[in-house]
Amino acid sequence: MCPKSKGTFYITTPIYYVNDVPHIGHAYTTVAADVLVRFKRLEGYQAFFLTGTDEHGQKVEKAAQERGVDPKVHCDEMVKRFQSLWRRLNISNDDFIRTTEDRHKKVVQKILQDLYDRGEIYQASYEGWYCIPCERFWTEKDLTEGKCPDCLREVVEISEKNYFFRMSQYQSWLIDHIEKNDRFILPPSRRNEILGFLQNPLEDLCISRPKKRLKWGIEIPFDPDYVTYVWFDALINYVSGIGYSSDNPRFSDFWPEAIHLIGKDILTTHTVYWPTMLRGIGLTPPKMVFAHGWWTVEGKKMSKSLQNVVEPNRLIDTYGVDALRYFLMREVPFGMDGDFSHATMVHRINSDLANDLGNLFSRALSMVIRYFDGIIPVPSSLQEIDLRLQESSAKVIAQLPGQMNDLAFNKALITLWEIVSASNKYVDETAPWSLAKEEKDRPRLATVLYQTLEALRIIALLLAPFMPTTAEKMWTHLGMESNLWEQNLEADGNWGGLKPGGKIVKPTPLFPRIDTTKMEKKI
RNA sequence: GGCGGUGUAGCUCAGUUGGUCAGAGCAUGCGGCUCAUAUCCGCAGUGUCCGGGGUUCAAAUCCCUGCACCGCCA
């Protein structure tokens, strides 16, 4: 661990099902994780960010079969869609784990063997109805008119032997853990849901599938006739991905700080199955599981049949990476459902990004070029109004860490925009264009423009986790020679980091306004 | 059916333990500036705080009830 580190931080996204077409929901979780981890790095934490893909199970096996290729070959191709999207979205993950990798399979098998050896796993006969597309068993009373309650498709009656994890024994421990840790499951509404769910008896978890039905999975180490249930396999990525049983120092540094970002649809697996699995293994639960909401599109639920699935690549093509990242983080409180619409997106870009931020950047740099030949001027004595600008910046910096800890990304951005507003107001009230008319006001002009540029430097610094490309552009245009990604919030967030004498680069609009009349045709 | 939640300006929502709490942003209208991406700054509103009843000196805030919507489980 590096000496200046404030501690460790570990963030994960779910591993996405490799067969899925990446949509706005995938992008949402991953961008949120990226924003958070970038902010933590800025704060000085030694951070680790893991994402990846879930590659086993019937759907992959079937899709590969239909194409006449080996499942692994199929996965190797499909995984690229996620990997390339993350590159385009500037996702700064430290690793990418695939459940078909040896490093993962080894850990899954080791855990299974350990649990089996200690009697945490037993074999029993299972009878019930099985839904093949959902890869899920249902009991008689679960069924809806004799069909799968999830997808309403036909189910088949099956009786077979399987292996079970003794999950039920951990029920009271889990309830206790949730009650004692009010930030273990967030938002609080989800925590209540799980506590409600746990008022009913918890059953043991079936963790195997017979190979005669499914071959594409991780073989159960103590019974070659079975493969591992996909969820049991998948959840383990969170520990296999940071070196459990292979890199113990790293694992023990990061695991206690683990934060899982998930969609609300996989809450139970992450807050019931996973903590009890960890308990069985002898590991502590993750520090936090945060379930975010879902996006509707133009007011409607996304679905293949409606053909309204929003492809992030398309949005990037249309609006740009940073505008998309900004929208996702700004529009909706993390944890709530939200709606994506082109009208709202354009509105956000035009008002927040083009008018408020972009125009501030543009007007400030233009004046420095016009009045000082692009050389950052030397400030002289400060007046009350100058100090007020500094104070608003300091106030924002004081608030951000707490808001980020709460994953309140939208609040953080609203707070950050207070500096943008304060700066626009500052420029307006100090009227540098008037000062430029009188030679005697030159020192005052220098001070005003320096203060404005310095506000922009701080804005760029704080914006970096949310909009990395834009922040870098601002940084270099401000003549900053240091590496933006090596800055530290505490030290570099202080007023005065901008060095007079530096050379401003002539600005181009950070975010061109979108003409809504032309926009109609484009989308 | 069980458990939980929500209902506040045109829109999206803030409103700790009941007493300047009737607010913010956006949208709208008016005024100002001209450095800037016709951008920026200022000012101005509008609300039966879902309906009804109750507790209290005092309720958007607590209790009861009705309606509407949502989530989880069944």
# chains A, B, ... in the order shown; residues from 1 in each chain; ligands from 1
$ select_by_dssp --residues "range 141-267 of chain A" --states "alpha helix (DSSP H)" --output "PyMOL selection string"
chain A and resi 171-180+188-197+230-235+237-240+248-254+267
$ residues_around --residues "range 322-337 of chain A" --least-positions-apart "2" --cutoff "10 Å" --atoms "only C-alpha atoms (C1' of nucleotides)" --output "PyMOL selection string"
(chain A and resi 24-25+27-29+31-32+34-35+89-90+186-190+262-264+290-296+312+315-316+318-320+339-340+344-346+348-349+352-353+406-414+463+465-471+511) or (chain B and resi 12)
$ closest_residue --among "B:U56, B:U61, B:U16, B:U6" --to "chain A" --atoms "only C-alpha atoms (C1' of nucleotides)"
B:U6
$ select_by_dssp --residues "range 214-407 of chain A" --states "strand (DSSP E)" --output "JSON, numbers by chain"
{"A": [226, 227, 228, 258, 259, 260, 261, 262, 263, 288, 289, 290, 291, 292, 295, 296, 297, 300, 301, 338, 339, 340]}
$ write_last_selection --atoms "N, CA, C and O atoms" --output "PDB file, in the first residue's frame"
ATOM      1  N   TYR A 226     -22.008 -33.467 -11.976  1.00  0.00           N
ATOM      2  CA  TYR A 226     -22.732 -32.206 -11.773  1.00  0.00           C
ATOM      3  C   TYR A 226     -21.879 -30.985 -12.095  1.00  0.00           C
ATOM      4  O   TYR A 226     -20.659 -31.014 -11.962  1.00  0.00           O
ATOM      5  N   VAL A 227     -22.567 -29.919 -12.474  1.00  0.00           N
ATOM      6  CA  VAL A 227     -21.896 -28.615 -12.578  1.00  0.00           C
ATOM      7  C   VAL A 227     -22.518 -27.675 -11.542  1.00  0.00           C
ATOM      8  O   VAL A 227     -23.579 -27.963 -10.983  1.00  0.00           O
ATOM      9  N   THR A 228     -21.859 -26.561 -11.342  1.00  0.00           N
ATOM     10  CA  THR A 228     -22.275 -25.610 -10.313  1.00  0.00           C
ATOM     11  C   THR A 228     -23.419 -24.726 -10.806  1.00  0.00           C
ATOM     12  O   THR A 228     -23.402 -24.251 -11.952  1.00  0.00           O
ATOM     13  N   ALA A 258     -15.387  -4.033   0.506  1.00  0.00           N
ATOM     14  CA  ALA A 258     -16.141  -4.316  -0.724  1.00  0.00           C
ATOM     15  C   ALA A 258     -17.505  -3.637  -0.772  1.00  0.00           C
ATOM     16  O   ALA A 258     -18.291  -3.714   0.169  1.00  0.00           O
ATOM     17  N   ILE A 259     -17.760  -2.970  -1.874  1.00  0.00           N
ATOM     18  CA  ILE A 259     -19.077  -2.402  -2.161  1.00  0.00           C
ATOM     19  C   ILE A 259     -19.572  -2.987  -3.476  1.00  0.00           C
ATOM     20  O   ILE A 259     -18.906  -2.893  -4.498  1.00  0.00           O
ATOM     21  N   HIS A 260     -20.729  -3.630  -3.406  1.00  0.00           N
ATOM     22  CA  HIS A 260     -21.320  -4.192  -4.627  1.00  0.00           C
ATOM     23  C   HIS A 260     -22.417  -3.261  -5.138  1.00  0.00           C
ATOM     24  O   HIS A 260     -23.378  -2.981  -4.417  1.00  0.00           O
ATOM     25  N   LEU A 261     -22.261  -2.815  -6.360  1.00  0.00           N
ATOM     26  CA  LEU A 261     -23.330  -2.067  -7.021  1.00  0.00           C
ATOM     27  C   LEU A 261     -24.136  -3.058  -7.842  1.00  0.00           C
ATOM     28  O   LEU A 261     -23.563  -3.819  -8.634  1.00  0.00           O
ATOM     29  N   ILE A 262     -25.434  -3.038  -7.657  1.00  0.00           N
ATOM     30  CA  ILE A 262     -26.276  -3.976  -8.400  1.00  0.00           C
ATOM     31  C   ILE A 262     -27.560  -3.289  -8.845  1.00  0.00           C
ATOM     32  O   ILE A 262     -27.913  -2.213  -8.361  1.00  0.00           O
ATOM     33  N   GLY A 263     -28.273  -3.948  -9.748  1.00  0.00           N
ATOM     34  CA  GLY A 263     -29.619  -3.505 -10.097  1.00  0.00           C
ATOM     35  C   GLY A 263     -30.584  -4.136  -9.111  1.00  0.00           C
ATOM     36  O   GLY A 263     -30.290  -5.160  -8.498  1.00  0.00           O
ATOM     37  N   MET A 288     -21.111  -3.179   1.782  1.00  0.00           N
ATOM     38  CA  MET A 288     -22.352  -2.559   1.316  1.00  0.00           C
ATOM     39  C   MET A 288     -22.816  -3.182   0.006  1.00  0.00           C
ATOM     40  O   MET A 288     -22.000  -3.507  -0.854  1.00  0.00           O
ATOM     41  N   VAL A 289     -24.122  -3.349  -0.090  1.00  0.00           N
ATOM     42  CA  VAL A 289     -24.732  -3.719  -1.366  1.00  0.00           C
ATOM     43  C   VAL A 289     -25.726  -2.615  -1.693  1.00  0.00           C
ATOM     44  O   VAL A 289     -26.659  -2.381  -0.921  1.00  0.00           O
ATOM     45  N   PHE A 290     -25.497  -1.940  -2.781  1.00  0.00           N
ATOM     46  CA  PHE A 290     -26.367  -0.820  -3.145  1.00  0.00           C
ATOM     47  C   PHE A 290     -27.140  -1.173  -4.405  1.00  0.00           C
ATOM     48  O   PHE A 290     -26.550  -1.412  -5.456  1.00  0.00           O
ATOM     49  N   ALA A 291     -28.451  -1.209  -4.286  1.00  0.00           N
ATOM     50  CA  ALA A 291     -29.293  -1.560  -5.444  1.00  0.00           C
ATOM     51  C   ALA A 291     -29.848  -0.295  -6.090  1.00  0.00           C
ATOM     52  O   ALA A 291     -30.573   0.461  -5.448  1.00  0.00           O
ATOM     53  N   HIS A 292     -29.480  -0.084  -7.323  1.00  0.00           N
ATOM     54  CA  HIS A 292     -30.008   1.090  -8.028  1.00  0.00           C
ATOM     55  C   HIS A 292     -31.275   0.728  -8.785  1.00  0.00           C
ATOM     56  O   HIS A 292     -31.656  -0.436  -8.865  1.00  0.00           O
ATOM     57  N   TRP A 295     -34.096   1.983 -15.676  1.00  0.00           N
ATOM     58  CA  TRP A 295     -34.438   3.062 -16.607  1.00  0.00           C
ATOM     59  C   TRP A 295     -35.599   2.637 -17.485  1.00  0.00           C
ATOM     60  O   TRP A 295     -35.593   1.540 -18.042  1.00  0.00           O
ATOM     61  N   THR A 296     -36.555   3.532 -17.594  1.00  0.00           N
ATOM     62  CA  THR A 296     -37.547   3.368 -18.644  1.00  0.00           C
ATOM     63  C   THR A 296     -37.090   4.254 -19.797  1.00  0.00           C
ATOM     64  O   THR A 296     -36.186   5.077 -19.632  1.00  0.00           O
ATOM     65  N   VAL A 297     -37.704   4.065 -20.939  1.00  0.00           N
ATOM     66  CA  VAL A 297     -37.306   4.840 -22.102  1.00  0.00           C
ATOM     67  C   VAL A 297     -38.539   5.549 -22.653  1.00  0.00           C
ATOM     68  O   VAL A 297     -39.531   4.903 -22.998  1.00  0.00           O
ATOM     69  N   LYS A 300     -41.601   4.341 -21.168  1.00  0.00           N
ATOM     70  CA  LYS A 300     -42.009   2.934 -21.280  1.00  0.00           C
ATOM     71  C   LYS A 300     -40.896   1.991 -20.829  1.00  0.00           C
ATOM     72  O   LYS A 300     -39.715   2.290 -20.973  1.00  0.00           O
ATOM     73  N   LYS A 301     -41.325   0.857 -20.315  1.00  0.00           N
ATOM     74  CA  LYS A 301     -40.364  -0.152 -19.905  1.00  0.00           C
ATOM     75  C   LYS A 301     -39.598  -0.651 -21.128  1.00  0.00           C
ATOM     76  O   LYS A 301     -40.171  -0.837 -22.196  1.00  0.00           O
ATOM     77  N   GLY A 338     -35.601   5.705 -13.167  1.00  0.00           N
ATOM     78  CA  GLY A 338     -35.535   6.946 -13.919  1.00  0.00           C
ATOM     79  C   GLY A 338     -36.042   6.741 -15.329  1.00  0.00           C
ATOM     80  O   GLY A 338     -36.276   5.613 -15.755  1.00  0.00           O
ATOM     81  N   ASP A 339     -36.201   7.837 -16.001  1.00  0.00           N
ATOM     82  CA  ASP A 339     -36.659   7.735 -17.383  1.00  0.00           C
ATOM     83  C   ASP A 339     -35.650   8.387 -18.309  1.00  0.00           C
ATOM     84  O   ASP A 339     -35.190   9.494 -18.058  1.00  0.00           O
ATOM     85  N   PHE A 340     -35.310   7.668 -19.356  1.00  0.00           N
ATOM     86  CA  PHE A 340     -34.454   8.260 -20.370  1.00  0.00           C
ATOM     87  C   PHE A 340     -35.325   8.774 -21.502  1.00  0.00           C
ATOM     88  O   PHE A 340     -36.147   8.048 -22.044  1.00  0.00           O
TER      89      PHE A 340
END
$ residues_around --residues "Thr430 in chain A" --least-positions-apart "3" --cutoff "10 Å" --atoms "only C-alpha atoms (C1' of nucleotides)" --output "list in words"
Ile385, Asp386, Lys425, Tyr426, Val427, Trp433, Ser434, Leu435, Arg444, Leu445, Val448 and Leu449 of chain A
$ atom_distance --atom1 "CA of Ser303 in chain A" --atom2 "CA of Phe82 in chain A"
19.4 Å
$ interface_residues --of "chain B" --to "chain A" --cutoff "12 Å" --atoms "only C-alpha atoms (C1' of nucleotides)" --output "list in words"
G2, C3, G4, G5, U6, C11, U12, C13, A14, A24, G25, C26, A27, G32, C33, U34, C35, A36, U37, A38, U39, C40, C41, G42, C70, G71, C72, C73 and A74 of chain B
$ atom_distance --atom1 "CA of Phe39 in chain A" --atom2 "CA of Lys395 in chain A"
17.1 Å
$ atom_distance --atom1 "CA of His477 in chain A" --atom2 "CA of Asp515 in chain A"
25.9 Å
$ closest_residue --among "B:C57, B:A68, B:A44, B:A9" --to "A22 in chain B" --atoms "only C-alpha atoms (C1' of nucleotides)"
B:A9
